[in-house]
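Shown below: upload05.txt, with compact mmCIF, C-alpha atoms.
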```txt
# COMPACT_ATOMS: atom_id res chain seq x y z
CA MET A 539 -61.80 1.61 15.20
CA PHE A 540 -64.44 1.50 12.42
CA ASP A 541 -65.99 -1.84 11.48
CA LEU A 542 -65.36 -2.28 7.75
CA LEU A 543 -66.71 -5.82 7.48
CA PRO A 544 -70.30 -4.83 6.39
CA ASP A 545 -68.95 -2.52 3.67
CA LEU A 546 -66.68 -5.28 2.35
CA GLU A 547 -69.64 -7.71 2.24
CA LYS A 548 -71.71 -5.23 0.25
CA LEU A 549 -68.82 -4.69 -2.19
CA LYS A 550 -68.41 -8.42 -2.77
CA THR A 551 -72.17 -8.82 -3.29
CA ARG A 552 -72.23 -6.10 -5.95
CA ARG A 553 -69.22 -7.68 -7.70
CA SER A 554 -70.93 -11.09 -7.70
CA ARG A 555 -74.13 -9.67 -9.23
CA SER A 556 -72.22 -7.75 -11.90
CA LEU A 557 -70.28 -10.83 -12.96
CA LYS A 558 -73.45 -12.97 -12.99
CA ASP A 559 -75.22 -10.45 -15.24
CA ALA A 560 -72.26 -10.37 -17.59
CA VAL A 561 -72.31 -14.18 -17.88
CA ASP A 562 -76.06 -14.21 -18.54
CA LYS A 563 -75.71 -11.65 -21.32
CA GLY A 564 -72.84 -13.61 -22.91
CA MET A 565 -70.35 -10.81 -22.45
CA VAL A 566 -67.76 -12.98 -20.60
CA ASP A 567 -67.03 -16.69 -20.36
CA GLN A 568 -67.69 -18.77 -17.27
CA GLY A 569 -64.04 -19.89 -17.17
CA PHE A 570 -62.93 -16.30 -16.97
CA VAL A 571 -65.25 -15.65 -14.03
CA SER A 572 -63.88 -18.63 -12.10
CA GLY A 573 -60.59 -16.81 -11.68
CA PHE A 574 -62.36 -14.07 -9.70
CA GLU A 575 -64.28 -16.25 -7.26
CA HIS A 576 -61.98 -15.25 -4.43
CA LEU A 577 -63.12 -11.63 -4.95
CA THR A 578 -66.85 -12.44 -4.79
CA ARG A 579 -66.84 -15.19 -2.15
CA PRO A 580 -68.17 -13.98 1.26
CA LEU A 581 -65.65 -13.34 3.97
CA ASN A 582 -64.94 -16.12 6.46
CA SER A 583 -65.24 -15.79 10.20
CA LYS A 584 -61.68 -14.47 10.55
CA GLY A 585 -62.34 -11.53 8.30
CA ALA A 586 -59.88 -12.54 5.56
CA SER A 587 -60.50 -13.89 2.08
CA SER A 588 -59.14 -17.25 1.02
CA PRO A 589 -56.47 -17.36 -1.67
CA PRO A 590 -57.56 -17.68 -5.30
CA PRO A 591 -57.90 -21.19 -6.69
CA ASN A 592 -55.03 -22.89 -8.50
CA GLN A 593 -52.66 -20.22 -7.30
CA GLU A 594 -49.58 -21.00 -5.21
CA PRO A 595 -48.07 -18.40 -2.90
CA TYR A 596 -45.03 -16.63 -4.36
CA LYS A 597 -41.72 -17.72 -2.93
CA TYR A 598 -38.89 -15.23 -3.02
CA PRO A 599 -35.68 -16.81 -4.26
CA ARG A 600 -32.71 -16.78 -1.91
CA SER A 601 -29.67 -15.00 -3.23
CA THR A 602 -26.53 -17.12 -3.14
CA ALA A 603 -24.21 -14.58 -4.79
CA SER A 604 -22.73 -13.40 -1.50
CA ASP A 605 -22.60 -16.75 0.30
CA SER A 606 -18.89 -17.20 -0.36
CA SER A 607 -18.09 -13.65 0.78
CA LEU A 608 -20.21 -14.16 3.88
CA MET A 609 -18.32 -17.32 4.75
CA THR A 610 -15.06 -15.44 4.18
CA ASP A 611 -16.13 -12.69 6.58
CA LEU A 612 -16.79 -15.30 9.27
CA ARG A 613 -13.34 -16.86 9.05
CA LEU A 614 -9.78 -15.81 9.80
CA ARG A 615 -6.53 -17.32 8.61
CA CYS A 616 -3.74 -17.57 11.13
CA THR A 617 -0.37 -19.15 11.85
CA GLU A 618 0.33 -20.40 15.34
CA LEU A 619 3.70 -20.83 17.07
CA ASP A 620 4.23 -22.51 20.42
CA LYS A 621 6.53 -21.37 23.21
CA ASP A 622 9.54 -23.15 21.62
CA GLY A 623 9.12 -21.35 18.31
CA ASN A 624 7.69 -24.34 16.47
CA VAL A 625 4.90 -23.73 13.95
CA THR A 626 1.93 -25.80 15.07
CA VAL A 627 -0.57 -24.36 12.59
CA ARG A 628 0.42 -22.77 9.27
CA ALA A 629 -2.15 -20.66 7.40
CA GLY A 630 -5.06 -22.42 9.06
CA GLU A 631 -8.60 -21.13 8.59
CA PHE A 632 -10.81 -20.85 11.67
CA GLN A 633 -14.26 -19.56 12.43
CA LYS A 634 -14.34 -16.30 14.36
CA SER A 635 -16.70 -17.81 16.90
CA ASP A 636 -14.26 -20.67 17.54
CA LEU A 637 -11.38 -18.21 18.00
CA CYS A 638 -13.39 -16.18 20.49
CA ALA A 639 -14.29 -19.27 22.49
CA GLN A 640 -10.77 -20.70 22.38
CA HIS A 641 -8.90 -17.55 23.40
CA GLY A 642 -11.51 -15.93 25.65
CA LEU A 643 -12.13 -12.94 23.39
CA LEU A 644 -15.16 -10.90 22.46
CA PRO A 645 -16.23 -10.52 18.81
CA ARG A 646 -15.28 -6.84 18.86
CA ASP A 647 -11.72 -7.79 19.86
CA LEU A 648 -11.23 -9.66 16.60
CA ARG A 649 -11.86 -6.49 14.64
CA LYS A 650 -8.50 -5.12 15.74
CA ILE A 651 -6.62 -8.14 14.38
CA ASP A 652 -8.75 -8.74 11.29
CA SER A 653 -6.62 -7.75 8.29
CA LYS A 654 -9.69 -6.99 6.15
CA PHE A 655 -10.06 -3.72 8.08
CA VAL A 656 -7.09 -1.89 6.60
CA ASN A 657 -7.72 1.61 7.97
CA GLN A 658 -7.32 0.78 11.63
CA MET A 659 -5.24 2.68 14.12
CA PRO A 660 -2.30 0.79 15.65
CA ALA A 661 -3.11 -0.58 19.08
CA ILE A 662 -1.89 -2.90 21.83
CA LEU A 663 -4.87 -4.29 23.75
CA VAL A 664 -4.59 -6.31 26.94
CA ARG A 665 -7.27 -8.87 27.73
CA SER A 666 -7.67 -11.38 30.53
CA GLN A 667 -5.93 -14.25 28.71
CA ALA A 668 -4.16 -12.60 25.78
CA ILE A 669 -2.45 -9.52 24.37
CA LEU A 670 -3.73 -8.23 21.01
CA VAL A 671 -1.19 -6.44 18.83
CA ASN A 672 -1.98 -4.45 15.69
CA LEU A 673 1.18 -2.67 14.54
CA LEU A 674 2.07 -2.08 10.88
CA HIS A 675 1.72 -5.40 9.02
CA ILE A 676 1.62 -7.44 12.23
CA ARG A 677 -1.68 -8.58 13.71
CA ALA A 678 -0.99 -11.01 16.49
CA LEU A 679 -2.52 -12.59 19.55
CA ILE A 680 -0.06 -13.43 22.33
CA GLU A 681 -0.87 -15.87 25.11
CA ALA A 682 1.17 -17.37 27.89
CA ASP A 683 2.33 -20.33 25.78
CA ARG A 684 1.74 -19.42 22.12
CA ILE A 685 1.48 -16.61 19.59
CA VAL A 686 -1.04 -16.47 16.76
CA LEU A 687 -0.35 -14.38 13.64
CA PHE A 688 -3.36 -13.38 11.56
CA ASP A 689 -3.48 -12.79 7.83
CA SER A 690 -6.12 -11.96 5.24
CA ILE A 691 -8.31 -14.91 4.24
CA ALA A 692 -8.71 -13.62 0.68
CA ALA A 693 -5.00 -13.14 -0.12
CA PRO A 694 -2.04 -15.52 -0.26
CA ALA A 695 0.65 -15.42 2.39
CA THR A 696 2.71 -12.28 1.87
CA HIS A 697 6.48 -12.09 1.88
CA SER A 698 6.49 -9.93 5.01
CA GLN A 699 4.33 -12.47 6.83
CA THR A 700 6.74 -15.30 5.94
CA ILE A 701 9.77 -13.29 7.04
CA LEU A 702 8.00 -12.44 10.29
CA VAL A 703 7.39 -16.13 11.05
CA TYR A 704 11.07 -16.94 10.51
CA GLU A 705 12.19 -14.02 12.67
CA LEU A 706 9.85 -15.06 15.46
CA GLN A 707 11.13 -18.61 15.32
CA GLU A 708 14.73 -17.47 15.66
CA ARG A 709 14.03 -15.06 18.52
CA LEU A 710 11.79 -17.44 20.44
CA ARG A 711 14.32 -20.26 20.17
CA SER A 712 17.27 -18.10 21.21
CA VAL A 713 18.32 -18.36 24.84
CA SER A 714 18.07 -15.06 26.68
CA PRO A 715 20.58 -14.31 29.46
CA VAL A 716 17.70 -12.96 31.53
CA ALA A 717 14.80 -15.33 32.06
CA GLN A 718 11.62 -13.78 30.69
CA PRO A 719 8.12 -15.20 30.36
CA PHE A 720 7.03 -16.27 26.92
CA GLU A 721 4.57 -13.41 26.40
CA PHE A 722 7.32 -10.83 26.92
CA ARG A 723 9.68 -12.60 24.52
CA ALA A 724 6.96 -12.80 21.91
CA LEU A 725 5.94 -9.16 22.39
CA GLU A 726 9.57 -8.05 22.21
CA ALA A 727 10.03 -10.04 18.99
CA VAL A 728 7.02 -8.27 17.50
CA LEU A 729 8.31 -4.85 18.58
CA ILE A 730 11.76 -5.61 17.16
CA SER A 731 10.17 -6.51 13.84
CA VAL A 732 8.07 -3.33 13.87
CA VAL A 733 10.99 -1.04 14.73
CA GLY A 734 13.21 -2.79 12.18
CA SER A 735 10.61 -2.31 9.47
CA LEU A 736 10.25 1.37 10.37
CA GLN A 737 14.01 1.90 10.30
CA SER A 738 14.30 0.22 6.88
CA ASP A 739 11.54 2.36 5.41
CA GLU A 740 13.07 5.44 7.01
CA GLU A 741 16.52 4.80 5.55
CA VAL A 742 15.19 4.31 2.02
CA LEU A 743 12.83 7.29 2.10
CA VAL A 744 15.26 9.68 3.80
CA SER A 745 18.03 8.74 1.37
CA LEU A 746 15.81 9.50 -1.62
CA VAL A 747 14.67 12.81 -0.15
CA GLN A 748 18.18 13.96 0.76
CA ASN A 749 19.53 13.16 -2.71
CA LEU A 750 16.70 15.14 -4.26
CA LEU A 751 17.28 18.10 -1.94
CA ALA A 752 20.98 18.11 -2.82
CA PHE A 753 20.10 18.23 -6.52
CA LEU A 754 17.64 21.10 -6.01
CA GLU A 755 20.34 23.12 -4.26
CA GLU A 756 22.30 23.13 -7.53
CA SER A 757 19.47 23.84 -9.95
CA VAL A 758 15.70 24.08 -9.95
CA ASP A 759 14.14 21.60 -12.36
CA ARG A 760 10.43 21.14 -12.97
CA SER A 761 10.59 17.31 -12.98
CA LYS A 762 12.56 17.35 -9.73
CA LEU A 763 10.01 19.65 -8.15
CA ARG A 764 7.30 17.16 -9.07
CA GLU A 765 9.33 14.38 -7.46
CA LEU A 766 9.80 16.55 -4.38
CA LEU A 767 6.03 16.87 -4.10
CA GLN A 768 5.58 13.10 -4.24
CA TYR A 769 8.33 12.46 -1.70
CA SER A 770 6.90 15.12 0.58
CA LYS A 771 3.54 13.31 0.58
CA ARG A 772 5.19 9.95 1.24
CA LEU A 773 7.22 11.46 4.06
CA SER A 774 4.08 12.94 5.64
CA ARG A 775 2.27 9.59 5.49
CA PHE A 776 5.26 7.79 6.97
CA GLU A 777 5.56 10.37 9.75
CA GLN A 778 1.88 9.95 10.61
CA LYS A 779 2.28 6.17 10.66
CA VAL A 780 5.22 6.36 13.07
CA LEU A 781 3.34 8.83 15.27
CA ASN A 782 0.39 6.44 15.50
CA ILE A 783 2.67 3.61 16.61
CA ARG A 784 4.30 5.85 19.19
CA ASP A 785 0.88 6.83 20.54
CA ALA A 786 -0.17 3.18 20.75
CA ILE A 787 2.86 2.25 22.87
CA ASP A 788 2.56 5.38 24.97
CA GLU A 789 -1.11 4.65 25.64
CA VAL A 790 -0.26 1.24 27.10
CA LEU A 791 2.48 2.76 29.26
CA GLU A 792 -0.03 5.16 30.80
CA GLN A 793 -2.31 2.32 32.00
CA ASP A 794 -0.92 0.60 35.10
CA ASP A 795 -3.68 -2.01 35.11
CA ASP A 796 -2.89 -3.06 31.55
CA LEU A 797 0.82 -3.28 32.28
CA ALA A 798 0.20 -5.52 35.28
CA ALA A 799 -2.26 -7.64 33.29
CA MET A 800 0.41 -8.35 30.65
CA TYR A 801 2.03 -10.88 33.01
CA LEU A 802 -0.01 -13.73 31.52
CA THR A 803 2.17 -16.58 32.80
CA GLN A 804 1.92 -15.53 36.42
CA LYS A 805 -1.79 -14.90 36.01
CA ARG A 806 -2.28 -18.42 34.66
CA ASN A 807 -0.27 -19.82 37.56
CA GLY A 808 -2.60 -18.07 40.02
CA ASN A 809 -0.13 -15.35 40.99
CA PRO A 810 -1.31 -12.12 39.32
CA ARG A 811 0.76 -8.95 39.64
CA ALA A 812 -0.32 -5.90 41.58
CA ALA A 813 -1.34 -2.81 39.64
CA ASP A 814 1.93 -1.03 40.45
CA ASP A 815 4.26 -4.02 39.96
CA HIS A 816 5.13 -3.92 36.26
CA GLU A 817 8.72 -2.72 36.07
CA ASP A 818 9.97 -5.33 33.57
CA VAL A 819 7.37 -4.81 30.88
CA GLU A 820 7.45 -1.06 31.43
CA LEU A 821 11.20 -0.90 30.83
CA MET A 822 10.84 -3.02 27.70
CA LEU A 823 8.10 -0.83 26.23
CA GLU A 824 9.96 2.36 27.13
CA THR A 825 13.05 1.08 25.29
CA TYR A 826 11.18 0.61 22.04
CA LEU A 827 9.23 3.80 22.60
CA LYS A 828 12.54 5.68 22.65
CA GLN A 829 13.56 4.04 19.38
CA VAL A 830 10.27 5.00 17.76
CA GLU A 831 10.66 8.57 19.03
CA GLU A 832 14.14 8.72 17.50
CA ILE A 833 12.63 7.76 14.15
CA VAL A 834 9.94 10.42 14.63
CA ASN A 835 12.53 13.09 15.39
CA HIS A 836 14.65 12.14 12.38
CA VAL A 837 11.64 12.19 10.06
CA GLU A 838 10.52 15.54 11.47
CA ASN A 839 13.98 16.99 10.80
CA VAL A 840 13.90 15.75 7.21
CA SER A 841 10.39 17.14 6.82
CA SER A 842 11.65 20.49 8.12
CA HIS A 843 14.46 20.42 5.52
CA VAL A 844 11.93 19.66 2.82
CA ARG A 845 9.76 22.59 3.87
CA THR A 846 12.81 24.87 3.98
CA THR A 847 13.83 23.74 0.51
CA GLU A 848 10.31 24.35 -0.76
CA ASP A 849 10.41 27.88 0.67
CA VAL A 850 13.78 28.56 -0.98
CA VAL A 851 12.53 27.18 -4.29
CA ASN A 852 9.45 29.38 -4.03
CA ILE A 853 11.68 32.41 -3.41
CA ILE A 854 13.78 31.55 -6.47
CA LEU A 855 10.68 31.09 -8.59
CA ASP A 856 9.26 34.38 -7.32
CA SER A 857 12.52 36.12 -8.23
CA GLN A 858 12.41 34.68 -11.73
CA ARG A 859 8.77 35.67 -12.04
CA ASN A 860 9.64 39.22 -10.98
CA SER A 861 12.42 39.35 -13.58
CA LEU A 862 9.95 38.38 -16.27
CA LEU A 863 7.55 41.06 -15.06
CA LEU A 864 10.31 43.69 -15.21
CA LEU A 865 11.17 42.61 -18.74
CA GLU A 866 7.52 42.89 -19.70
CA ILE A 867 7.34 46.40 -18.24
CA ARG A 868 10.45 47.47 -20.18
CA LEU A 869 9.00 46.14 -23.40
CA THR A 870 5.75 47.96 -22.68
CA ILE A 871 7.61 51.26 -22.18
CA LEU A 872 9.52 50.74 -25.41
CA THR A 873 6.27 49.95 -27.21
CA VAL A 874 4.73 53.20 -25.97
CA GLY A 875 7.72 55.17 -27.27
CA LEU A 876 7.59 53.45 -30.67
CA SER A 877 3.87 54.08 -30.92
CA THR A 878 4.54 57.85 -30.63
CA GLY A 879 6.90 57.76 -33.61
CA THR A 880 4.38 55.58 -35.48
CA PHE A 881 1.71 58.21 -34.80
CA LEU A 882 3.83 60.96 -36.38
CA SER A 883 4.65 58.83 -39.39
CA GLY A 884 0.96 58.01 -39.76
CA LEU A 885 0.03 61.68 -39.85
CA PHE A 886 2.42 62.38 -42.72
CA GLY A 887 1.53 59.17 -44.47
CA MET A 888 -2.07 60.22 -45.15
CA ASN A 889 -2.91 61.32 -48.67
CA LEU A 890 -3.51 64.95 -47.73
CA VAL A 891 -1.98 67.97 -49.42
CA ASN A 892 0.22 70.13 -47.21
CA SER A 893 3.09 72.52 -47.73
CA LEU A 894 5.83 70.03 -46.84
CA GLU A 895 5.61 67.66 -49.84
CA ASN A 896 8.25 69.55 -51.83
CA HIS A 897 10.30 70.85 -48.88
CA PRO A 898 13.86 69.49 -49.15
CA ASP A 899 14.41 69.13 -45.34
CA ALA A 900 10.91 68.02 -44.27
CA PHE A 901 11.76 64.29 -44.13
CA PHE A 902 14.80 64.81 -41.92
CA VAL A 903 13.00 67.19 -39.59
CA VAL A 904 10.00 64.88 -39.08
CA SER A 905 12.27 61.85 -38.59
CA ALA A 906 14.32 63.73 -36.00
CA ILE A 907 11.18 64.76 -34.13
CA ALA A 908 9.89 61.16 -34.15
CA PHE A 909 13.17 59.67 -32.89
CA THR A 910 13.42 62.38 -30.23
CA ALA A 911 9.90 61.61 -28.99
CA ILE A 912 10.60 57.86 -28.90
CA PHE A 913 13.86 58.33 -26.99
CA ALA A 914 12.37 60.83 -24.53
CA LEU A 915 9.34 58.71 -23.68
CA THR A 916 11.44 55.55 -23.29
CA ILE A 917 13.99 57.19 -21.01
CA THR A 918 11.25 58.81 -18.93
CA GLY A 919 9.43 55.49 -18.47
CA LEU A 920 12.59 53.59 -17.54
CA ARG A 921 13.53 56.23 -14.95
CA ALA A 922 10.07 56.11 -13.44
CA MET A 923 10.26 52.31 -13.18
CA ARG A 924 13.71 52.53 -11.55
CA ASN A 925 12.45 55.00 -8.97
CA VAL A 926 9.55 52.70 -8.11
CA LEU A 927 11.92 49.71 -7.71
CA ARG A 928 14.17 51.75 -5.40
CA LYS A 929 11.21 52.59 -3.17
CA ILE A 930 10.20 48.93 -3.02
CA ASN A 931 13.68 47.64 -2.22
```
Encoding of this model in structure tokens:
Amino acid sequence: MFDLLPDLEKLKTRRSRSLKDAVDKGMVDQGFVSGFEHLTRPLNSKGASSPPPNQEPYKYPRSTASDSSLMTDLRLRCTELDKDGNVTVRAGEFQKSDLCAQHGLLPRDLRKIDSKFVNQMPAILVRSQAILVNLLHIRALIEADRIVLFDSIAAPATHSQTILVYELQERLRSVSPVAQPFEFRALEAVLISVVGSLQSDEEVLVSLVQNLLAFLEESVDRSKLRELLQYSKRLSRFEQKVLNIRDAIDEVLEQDDDLAAMYLTQKRNGNPRAADDHEDVELMLETYLKQVEEIVNHVENVSSHVRTTEDVVNIILDSQRNSLLLLEIRLTILTVGLSTGTFLSGLFGMNLVNSLENHPDAFFVVSAIAFTAIFALTITGLRAMRNVLRKIN
């Protein structure tokens, strides 16, 4: 590299001489020159100039506007239930790092159960010590002796979250005729809540759509067609949501290792299941998978009826549009015929001298010719239109 130190020394020397000459001539004040001593002072041994006198280094202020949001992003609010269905922690706020250390999770695992990420795909993830569930409004962490429900830190407890806690308490406290480990009872309670919520939404939405379709079969109304468009969009979104839940359950059923790892109680007791020994949890997941598929089939049938109704409505509207076009063509033909008579009357209405002004039958003859021309052109046009319609049909 080039050595720039001699050039810098020469530049500082010239600056020093110029300032000294200006002071001697009285052009500038000595106090003004003192502020530029750092520009004329020779370089030190390290090759860097010292800072100007009486000048403190600038300190950039720290922004505190996003401190609260940053602290919110680092925390999660959750409600914890023990194996007997008792609420041990209600709407408690915990650091994400503490949750990862306590439950043996990785930071990326918390993303699936963090309610701030609203556009997440439903999933059931199996980890070494827990099962992570993200289905509909439920974001839960299931362990061998407790279940943790997560909620948004920036919003109050929702009604659905409160109802879910009560339902879990009832189902976890109920005595099952078949002894099941806690993690299966908790997972089944979550699946029951998910399927029940889907069935409730399906009943309401399907009832509204069917009533609207029955009305459209009687008459086609513009306001009802607008409602049909809105319901069709809602039905499509609901169908996609149910399909995503079905895919999430089906994905777990295809992984034998995950199914065997869901036996958390036996794993904690030092007796893990083999990769092909997961009949109980497989049967349970298949049961609720069938229920979700029934909802999917029902929604698809309703969607098919909606599409059929839309096609029929389009056919009716096309028929009405064609009727208007035919009326317009008839009026056009009639207008052409009338214009012929108007042309004849215009010829005789000009102020020109001819031999028919004093003829006693001239008016009747011209009128007859005009009406004959109008009638002939109109009939000819209507016959031509009828022949074209016959060829089309």
Write out as CSV a residue-level contact list of range 707-759 of chain A versus range 618-622 of chain A with cut-off 9 Å: for each qualifying residue the closest pair of atoms and the distance in Å to one decimal, counting all atoms listed in the file, rows sorted by chain and residue number upward.
```
residue,atom,partner,partner_atom,distance
A:Gln707,CA,A:Asp622,CA,7.9
A:Leu710,CA,A:Asp622,CA,6.2
A:Arg711,CA,A:Asp622,CA,5.8
A:Phe720,CA,A:Lys621,CA,6.3
A:Glu721,CA,A:Lys621,CA,8.8
A:Ala724,CA,A:Lys621,CA,8.7
```
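Every protein, DNA or RNA residue with an atom at most 12 Å from Asp815 in chain A, where all atoms listed in the file count and chain neighbours fewer than 4 positions away do not, is listed here: Asp794, Asp795, Asp796, Leu797, Ala798, Ala799, Met800, Tyr801, Pro810, Arg811, Val819, Glu820 and Leu821 of chain A.
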Restricting it to C-alpha atoms, dump the selection as a short mmCIF file (atom, residue, chain, number, x, y, z; two decimals), in the coordinates of the input.
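Written file, part.cif:
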```cif
data_model
loop_
_atom_site.label_atom_id
_atom_site.label_comp_id
_atom_site.auth_asym_id
_atom_site.auth_seq_id
_atom_site.Cartn_x
_atom_site.Cartn_y
_atom_site.Cartn_z
CA ASP A 794 -0.92 0.60 35.10
CA ASP A 795 -3.68 -2.01 35.11
CA ASP A 796 -2.89 -3.06 31.55
CA LEU A 797 0.82 -3.28 32.28
CA ALA A 798 0.20 -5.52 35.28
CA ALA A 799 -2.26 -7.64 33.29
CA MET A 800 0.41 -8.35 30.65
CA TYR A 801 2.03 -10.88 33.01
CA PRO A 810 -1.31 -12.12 39.32
CA ARG A 811 0.76 -8.95 39.64
CA VAL A 819 7.37 -4.81 30.88
CA GLU A 820 7.45 -1.06 31.43
CA LEU A 821 11.20 -0.90 30.83
#
```
Might you pull out every residue within 12 Å of Ser842 in chain A, with all atoms listed in the file counted and same-chain residues fewer than 3 positions away left off, and present them as a ChimeraX atom specification? /A:747-748,751,770,773-774,777,835-839,845-849
One residue among A:Leu781, A:Leu673, A:Ile871, A:Leu865 is nearest to Leu729 in chain A when using only C-alpha atoms, and that residue is A:Leu673
Can you tell me which residues surround Leu823 in chain A at a distance of at most 10 Å, considering only C-alpha atoms, apart from same-chain residues fewer than 6 positions away, and format the answer as a ChimeraX atom specification? /A:725-726,729,787-788,790-791,797
Please identify all polymer residues within 9 Å of Val830 in chain A, counting only C-alpha atoms, omitting same-chain residues fewer than 5 positions from it, and present them as a count of residues only. 9
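Shell of Asn782 in chain A at 9 Å, with only C-alpha atoms counted and residues fewer than 3 places along the chain excluded, is A:Met659, A:Pro660, A:Ala661, A:Glu777, A:Gln778, A:Lys779, A:Asp785, A:Ala786, A:Ile787.
Atom pair CA of Leu872 in chain A / CA of Met923 in chain A has a distance of 12.4 Å (rounded to one decimal).
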Please measure the separation of CA of Lys771 in chain A and CA of Leu702 in chain A, giving the value in Å to one decimal. 27.9 Å
Of the listed residues A:Ala678, A:Ile853, A:Val758, A:Ile867, that which approaches Cys616 in chain A most closely, counting only C-alpha atoms: A:Ala678
Interatomic distance (Å, one decimal) between CA of Gln658 in chain A and CA of Ile676 in chain A: 12.2 Å
Box in all listed atoms of range 832-839 of chain A, axis-aligned, with 5 Å more on each side; write out centre and edge lengths in Å to one decimal as AutoDock Vina command-line options.
```
--center_x 12.3 --center_y 12.4 --center_z 13.8 --size_x 14.7 --size_y 19.2 --size_z 17.4
```
